[in-house]
Every structure is written in structure tokens, then in C-alpha cells.
file data-v3.cif (mmCIF, C-alpha atoms)
data_start
#
loop_
_atom_site.label_atom_id
_atom_site.label_comp_id
_atom_site.auth_asym_id
_atom_site.auth_seq_id
_atom_site.Cartn_x
_atom_site.Cartn_y
_atom_site.Cartn_z
CA MET X 17 73.00 102.63 87.13
CA LYS X 18 70.22 103.32 89.64
CA ARG X 19 66.75 103.84 88.20
CA ILE X 20 64.50 106.62 89.49
CA LEU X 21 60.85 107.17 88.64
CA VAL X 22 59.58 110.74 89.02
CA VAL X 23 55.79 110.96 89.43
CA ASP X 24 54.15 114.39 89.28
CA ASP X 25 51.10 115.71 87.45
CA GLU X 26 53.05 118.90 86.66
CA ILE X 27 55.10 118.14 83.55
CA GLU X 28 57.52 120.99 84.28
CA ALA X 29 58.34 119.49 87.68
CA CYS X 30 58.91 116.07 86.11
CA ASN X 31 61.17 117.49 83.42
CA ALA X 32 63.20 119.61 85.86
CA LEU X 33 63.82 116.66 88.20
CA LYS X 34 64.55 114.37 85.25
CA GLU X 35 67.16 116.79 83.92
CA PHE X 36 68.80 117.26 87.33
CA LEU X 37 68.89 113.55 88.15
CA SER X 38 70.08 112.56 84.67
CA LEU X 39 73.02 114.94 85.04
CA LYS X 40 73.81 113.19 88.34
CA GLY X 41 74.05 109.86 86.50
CA TYR X 42 70.67 108.30 87.26
CA GLU X 43 68.46 106.54 84.73
CA VAL X 44 65.25 108.56 85.06
CA TYR X 45 61.68 107.74 84.04
CA THR X 46 58.60 109.91 84.49
CA ALA X 47 54.87 109.45 84.98
CA LEU X 48 52.18 112.12 85.12
CA ASP X 49 49.58 110.15 87.09
CA GLY X 50 49.14 107.29 89.53
CA PRO X 51 48.06 104.49 87.18
CA THR X 52 50.95 105.24 84.81
CA ALA X 53 53.34 105.27 87.77
CA ILE X 54 52.19 101.82 88.90
CA ASP X 55 52.63 100.48 85.36
CA LYS X 56 56.14 102.01 85.18
CA VAL X 57 57.09 100.41 88.50
CA LYS X 58 56.09 97.03 87.06
CA GLU X 59 57.91 97.72 83.79
CA VAL X 60 61.23 99.35 84.78
CA ARG X 61 61.58 98.28 88.44
CA PRO X 62 62.98 101.58 89.73
CA HIS X 63 65.16 101.61 92.82
CA ILE X 64 63.60 104.89 93.97
CA VAL X 65 60.30 106.66 93.25
CA LEU X 66 59.84 110.40 93.80
CA LEU X 67 56.07 110.60 94.24
CA ASP X 68 53.96 113.75 94.30
CA GLN X 69 51.49 113.71 97.18
CA ILE X 70 48.69 115.67 95.53
CA MET X 71 47.59 114.53 92.07
CA PRO X 72 44.19 114.46 90.39
CA GLY X 73 42.42 111.13 90.40
CA MET X 74 44.63 108.74 92.32
CA GLY X 75 46.37 110.56 95.20
CA GLY X 76 49.93 109.99 96.35
CA ILE X 77 49.12 107.82 99.39
CA GLU X 78 46.93 105.53 97.28
CA VAL X 79 49.68 105.26 94.64
CA LEU X 80 52.25 104.57 97.38
CA LYS X 81 50.16 101.67 98.70
CA GLU X 82 49.86 100.16 95.21
CA ILE X 83 53.58 100.61 94.47
CA LYS X 84 54.45 98.83 97.72
CA LYS X 85 52.22 95.91 96.68
CA VAL X 86 54.16 95.64 93.40
CA ASP X 87 57.62 96.09 94.93
CA PRO X 88 57.89 96.35 98.73
CA ALA X 89 61.63 97.10 98.51
CA VAL X 90 61.39 100.22 96.34
CA GLY X 91 62.29 103.43 98.14
CA VAL X 92 59.46 105.93 97.78
CA ILE X 93 60.14 109.56 98.60
CA MET X 94 56.97 111.62 98.87
CA VAL X 95 57.19 115.14 97.44
CA THR X 96 54.51 117.71 98.24
CA VAL X 97 53.78 121.41 98.30
CA VAL X 98 51.83 120.95 101.55
CA ASN X 99 53.89 120.72 104.73
CA ASP X 100 51.38 118.64 106.70
CA HIS X 101 52.75 116.54 109.56
CA GLU X 102 49.71 114.23 109.57
CA GLN X 103 50.11 113.47 105.85
CA ALA X 104 53.84 112.95 106.34
CA LYS X 105 53.19 110.58 109.24
CA GLU X 106 50.63 108.62 107.20
CA ALA X 107 53.00 108.37 104.22
CA LEU X 108 55.82 107.08 106.41
CA GLU X 109 53.50 104.58 108.13
CA VAL X 110 52.38 103.26 104.73
CA GLY X 111 55.99 102.74 103.67
CA ALA X 112 57.47 105.97 102.32
CA TYR X 113 61.22 106.30 102.85
CA ASP X 114 61.09 110.08 103.27
CA TYR X 115 58.79 113.07 102.84
CA ILE X 116 60.06 116.33 101.34
CA THR X 117 58.35 119.59 100.43
CA LYS X 118 58.32 121.69 97.27
CA PRO X 119 60.11 123.61 96.09
CA VAL X 120 62.54 120.72 96.27
CA ASP X 121 65.93 121.56 97.75
CA LEU X 122 68.09 119.74 95.20
CA ASN X 123 71.06 119.43 97.57
CA TYR X 124 68.84 117.81 100.20
CA LEU X 125 67.27 115.54 97.59
CA GLU X 126 70.69 114.44 96.40
CA THR X 127 71.69 113.61 100.00
CA VAL X 128 68.49 111.61 100.59
CA LEU X 129 69.05 109.69 97.35
CA MET X 130 72.65 108.88 98.25
CA VAL X 131 71.62 107.60 101.70
CA LYS X 132 68.85 105.45 100.21
CA ILE X 133 71.24 104.06 97.60
CA LEU X 134 73.72 103.15 100.33
CA ASP X 135 70.85 101.36 102.11
CA LEU X 136 70.11 99.48 98.88
CA VAL X 137 73.77 98.49 98.52
CA ASP X 138 73.89 97.32 102.14
CA ASP X 139 70.71 95.29 101.67
CA ALA X 140 72.14 93.66 98.53
CA SER X 141 75.54 92.91 100.03
CA PRO X 142 76.25 89.23 100.45
CA GLN X 143 75.83 88.14 104.02
CA PRO X 144 78.34 85.78 105.61
CA SER X 145 77.28 82.18 105.52
CA PRO X 146 75.84 80.98 108.83
CA HIS X 147 77.97 77.87 108.35
CA LEU X 148 81.22 79.85 108.69
CA SER X 149 80.91 79.75 112.47
CA GLU X 150 81.02 75.96 112.29
CA VAL X 151 84.47 75.95 110.66
#
call {"tool": "encode", "arguments": {"input": "data-v3.cif", "output": "C-alpha cells"}}
result
Amino acid sequence: MKRILVVDDEIEACNALKEFLSLKGYEVYTALDGPTAIDKVKEVRPHIVLLDQIMPGMGGIEVLKEIKKVDPAVGVIMVTVVNDHEQAKEALEVGAYDYITKPVDLNYLETVLMVKILDLVDDASPQPSPHLSEV
């Protein structure tokens, strides 16, 4: 089962996404702030993190950078109420997988998650041995 961490300072948003994703068969964890999110990444090793861009204290980009230090392979999808191309560009340059705006289109989110999971499966697939060409 794929693990997803939802990070948002709005508890209602966390709970709504947790309920939706749990019904889709994901193992879902939540965090209400950046430091807790970083600790959860270390603890549960999620495959995907849905990360709010604007949070008090530690902002989304800063949290993204720290998450990538802990686990460079985790897919981080930035979620924000602000549709700002410069912020989106910065998030993608720092290592975000995607950048989506609130209110979250759940059908689009599900598609993005499925594509990222297929990427994870492809990355984990055994590669042919380089020695096979010698046979």
C-alpha cells in the first residue's frame, strides 16, 4: 500500500484529503506544520507528500527542501491557494513533482497520484543485468 503524507495547517483540509485518499486505498498520514512533516517523513517514509505552500512558521518551499534532504526520492506535490507561476517554478526547481491549486480538483489529484505511483513502480522495477549482453 502506498503511503501519503498530507501537510496543511488547516485541519479540515487535512481531514478531507485523508478521508478521500483512504477511500482510494492509500495509507494516509497528516501533519499540521513543517517540523512535524519532516519528522513524519523520517518516521513513515511516505511515497508521496501533499504539501501546502503557505503555512505559518516554516513555509512550504523550506519544508520541501528539508524533505528532499531526508528522502530525495519522495514525490512532493505542492498544494496552494495562490496560483503564482513564480512560486510554482521555484517549487519545481527545488524538487516538487507537481504544483496544484486549491480548491483541489480530486479527479486531477487522483490522476497525478496514479502517474507518480507508476513512476515509482518503474523506478523500482528490476533492470536487466548488464551482463546479459555478454551471453
call {"tool": "closest_residue", "arguments": {"input": "data-v3.cif", "among": "X:Ala104, X:Ile116, X:Met74, X:Ile54", "to": "Val86 in chain X", "atoms": "all atoms listed in the file"}}
result
X:Ile54
call {"tool": "residues_around", "arguments": {"input": "data-v3.cif", "residues": "Thr46 in chain X", "least_positions_apart": "2", "cutoff": "10 Å", "atoms": "all atoms listed in the file", "output": "VMD selection string"}}
result
chain X and resid 20 to 25 27 30 to 31 33 to 34 44 48 to 49 52 to 53 56 65 to 66
call {"tool": "closest_residue", "arguments": {"input": "data-v3.cif", "among": "X:Tyr45, X:Ile93, X:Gly50, X:Ala29", "to": "Glu126 in chain X", "atoms": "all atoms listed in the file"}}
result
X:Ile93
call {"tool": "resolve_selection", "arguments": {"input": "data-v3.cif", "expression": "the PyMOL selection byres ((chain X and resi 113) around 12)", "output": "PyMOL selection string"}}
result
chain X and resi 63-67+80+84+88-95+104-112+114-116+128-129+131-133+135-136
call {"tool": "atom_distance", "arguments": {"input": "data-v3.cif", "atom1": "CA of Gly73 in chain X", "atom2": "CA of Pro51 in chain X"}}
result
9.3 Å
call {"tool": "residues_around", "arguments": {"input": "data-v3.cif", "residues": "Glu43 in chain X", "least_positions_apart": "6", "cutoff": "8 Å", "atoms": "all atoms listed in the file", "output": "list in words"}}
result
Met17, Lys18, Arg19, Ile20 and Leu37 of chain X
call {"tool": "decode", "arguments": {"input": "data-v3.cif", "residues": "range 18-122 of chain X", "atoms": "C-alpha atoms", "output": "CSV table (one decimal), in the first residue's frame"}}
result
chain,number,residue,atom,x,y,z
X,18,LYS,CA,1.4,3.4,-1.0
X,19,ARG,CA,1.9,5.9,1.9
X,20,ILE,CA,0.9,9.5,1.5
X,21,LEU,CA,1.6,12.4,3.9
X,22,VAL,CA,-0.8,15.3,3.8
X,23,VAL,CA,0.7,18.5,5.2
X,24,ASP,CA,-1.6,21.5,5.7
X,25,ASP,CA,-2.1,23.9,8.6
X,26,GLU,CA,-5.9,23.7,8.1
X,27,ILE,CA,-7.1,20.6,9.9
X,28,GLU,CA,-10.2,20.5,7.8
X,29,ALA,CA,-8.2,20.3,4.6
X,30,CYS,CA,-6.0,17.5,6.1
X,31,ASN,CA,-9.0,15.5,7.2
X,32,ALA,CA,-10.9,15.9,3.9
X,33,LEU,CA,-7.8,14.7,1.9
X,34,LYS,CA,-7.2,11.9,4.4
X,35,GLU,CA,-10.7,10.7,4.0
X,36,PHE,CA,-10.7,10.8,0.2
X,37,LEU,CA,-7.3,9.2,-0.1
X,38,SER,CA,-8.1,6.5,2.5
X,39,LEU,CA,-11.2,5.5,0.5
X,40,LYS,CA,-8.9,5.2,-2.6
X,41,GLY,CA,-6.8,2.7,-0.7
X,42,TYR,CA,-3.8,4.8,0.4
X,43,GLU,CA,-2.3,4.7,3.8
X,44,VAL,CA,-2.6,8.3,4.8
X,45,TYR,CA,-0.7,10.4,7.5
X,46,THR,CA,-1.2,14.0,8.3
X,47,ALA,CA,0.9,16.9,9.7
X,48,LEU,CA,-0.2,20.4,10.6
X,49,ASP,CA,3.2,22.1,10.3
X,50,GLY,CA,6.6,21.9,8.7
X,51,PRO,CA,8.6,20.5,11.5
X,52,THR,CA,6.0,17.7,12.2
X,53,ALA,CA,6.0,16.9,8.4
X,54,ILE,CA,9.8,16.5,8.4
X,55,ASP,CA,9.6,14.2,11.4
X,56,LYS,CA,6.8,12.2,9.7
X,57,VAL,CA,8.9,11.8,6.6
X,58,LYS,CA,11.7,10.3,8.7
X,59,GLU,CA,9.3,8.1,10.6
X,60,VAL,CA,6.8,6.7,8.0
X,61,ARG,CA,8.8,7.2,4.7
X,62,PRO,CA,5.8,8.2,2.6
X,63,HIS,CA,5.9,7.6,-1.2
X,64,ILE,CA,4.2,10.9,-1.8
X,65,VAL,CA,3.8,14.2,0.2
X,66,LEU,CA,0.9,16.6,-0.5
X,67,LEU,CA,2.5,19.8,0.9
X,68,ASP,CA,0.7,23.1,1.5
X,69,GLN,CA,2.6,26.1,0.1
X,70,ILE,CA,1.6,28.7,2.7
X,71,MET,CA,1.9,27.7,6.4
X,72,PRO,CA,2.8,29.7,9.5
X,73,GLY,CA,6.3,29.4,10.6
X,74,MET,CA,8.1,27.1,8.2
X,75,GLY,CA,6.8,27.7,4.6
X,76,GLY,CA,6.2,25.1,2.0
X,77,ILE,CA,9.4,25.7,0.0
X,78,GLU,CA,11.5,25.5,3.1
X,79,VAL,CA,9.7,22.3,4.1
X,80,LEU,CA,10.2,20.9,0.6
X,81,LYS,CA,13.9,21.5,0.8
X,82,GLU,CA,14.2,19.7,4.1
X,83,ILE,CA,12.1,16.8,3.0
X,84,LYS,CA,14.3,16.3,-0.1
X,85,LYS,CA,17.3,16.2,2.2
X,86,VAL,CA,15.7,13.4,4.2
X,87,ASP,CA,14.4,11.5,1.1
X,88,PRO,CA,15.3,12.7,-2.3
X,89,ALA,CA,13.1,10.1,-4.0
X,90,VAL,CA,9.8,11.1,-2.3
X,91,GLY,CA,7.3,12.7,-4.7
X,92,VAL,CA,6.2,16.1,-3.3
X,93,ILE,CA,3.1,17.7,-4.7
X,94,MET,CA,2.7,21.3,-3.7
X,95,VAL,CA,-0.8,22.4,-2.9
X,96,THR,CA,-1.7,26.1,-2.6
X,97,VAL,CA,-4.5,28.6,-2.7
X,98,VAL,CA,-2.2,31.1,-4.6
X,99,ASN,CA,-1.9,30.5,-8.4
X,100,ASP,CA,1.6,32.1,-8.7
X,101,HIS,CA,3.8,31.0,-11.6
X,102,GLU,CA,7.0,32.2,-9.9
X,103,GLN,CA,6.2,30.1,-6.8
X,104,ALA,CA,5.3,27.1,-8.9
X,105,LYS,CA,8.5,27.4,-10.9
X,106,GLU,CA,10.6,27.7,-7.7
X,107,ALA,CA,8.9,24.7,-6.1
X,108,LEU,CA,9.5,22.6,-9.2
X,109,GLU,CA,13.2,23.7,-9.4
X,110,VAL,CA,13.6,22.7,-5.7
X,111,GLY,CA,12.3,19.3,-6.5
X,112,ALA,CA,8.5,19.3,-6.3
X,113,TYR,CA,6.8,16.7,-8.6
X,114,ASP,CA,3.8,18.9,-9.3
X,115,TYR,CA,2.0,22.1,-8.2
X,116,ILE,CA,-1.7,22.2,-7.8
X,117,THR,CA,-4.1,24.9,-6.6
X,118,LYS,CA,-6.9,24.9,-4.0
X,119,PRO,CA,-9.7,24.0,-4.0
X,120,VAL,CA,-8.2,20.7,-5.0
X,121,ASP,CA,-9.8,19.0,-8.0
X,122,LEU,CA,-9.9,15.5,-6.6
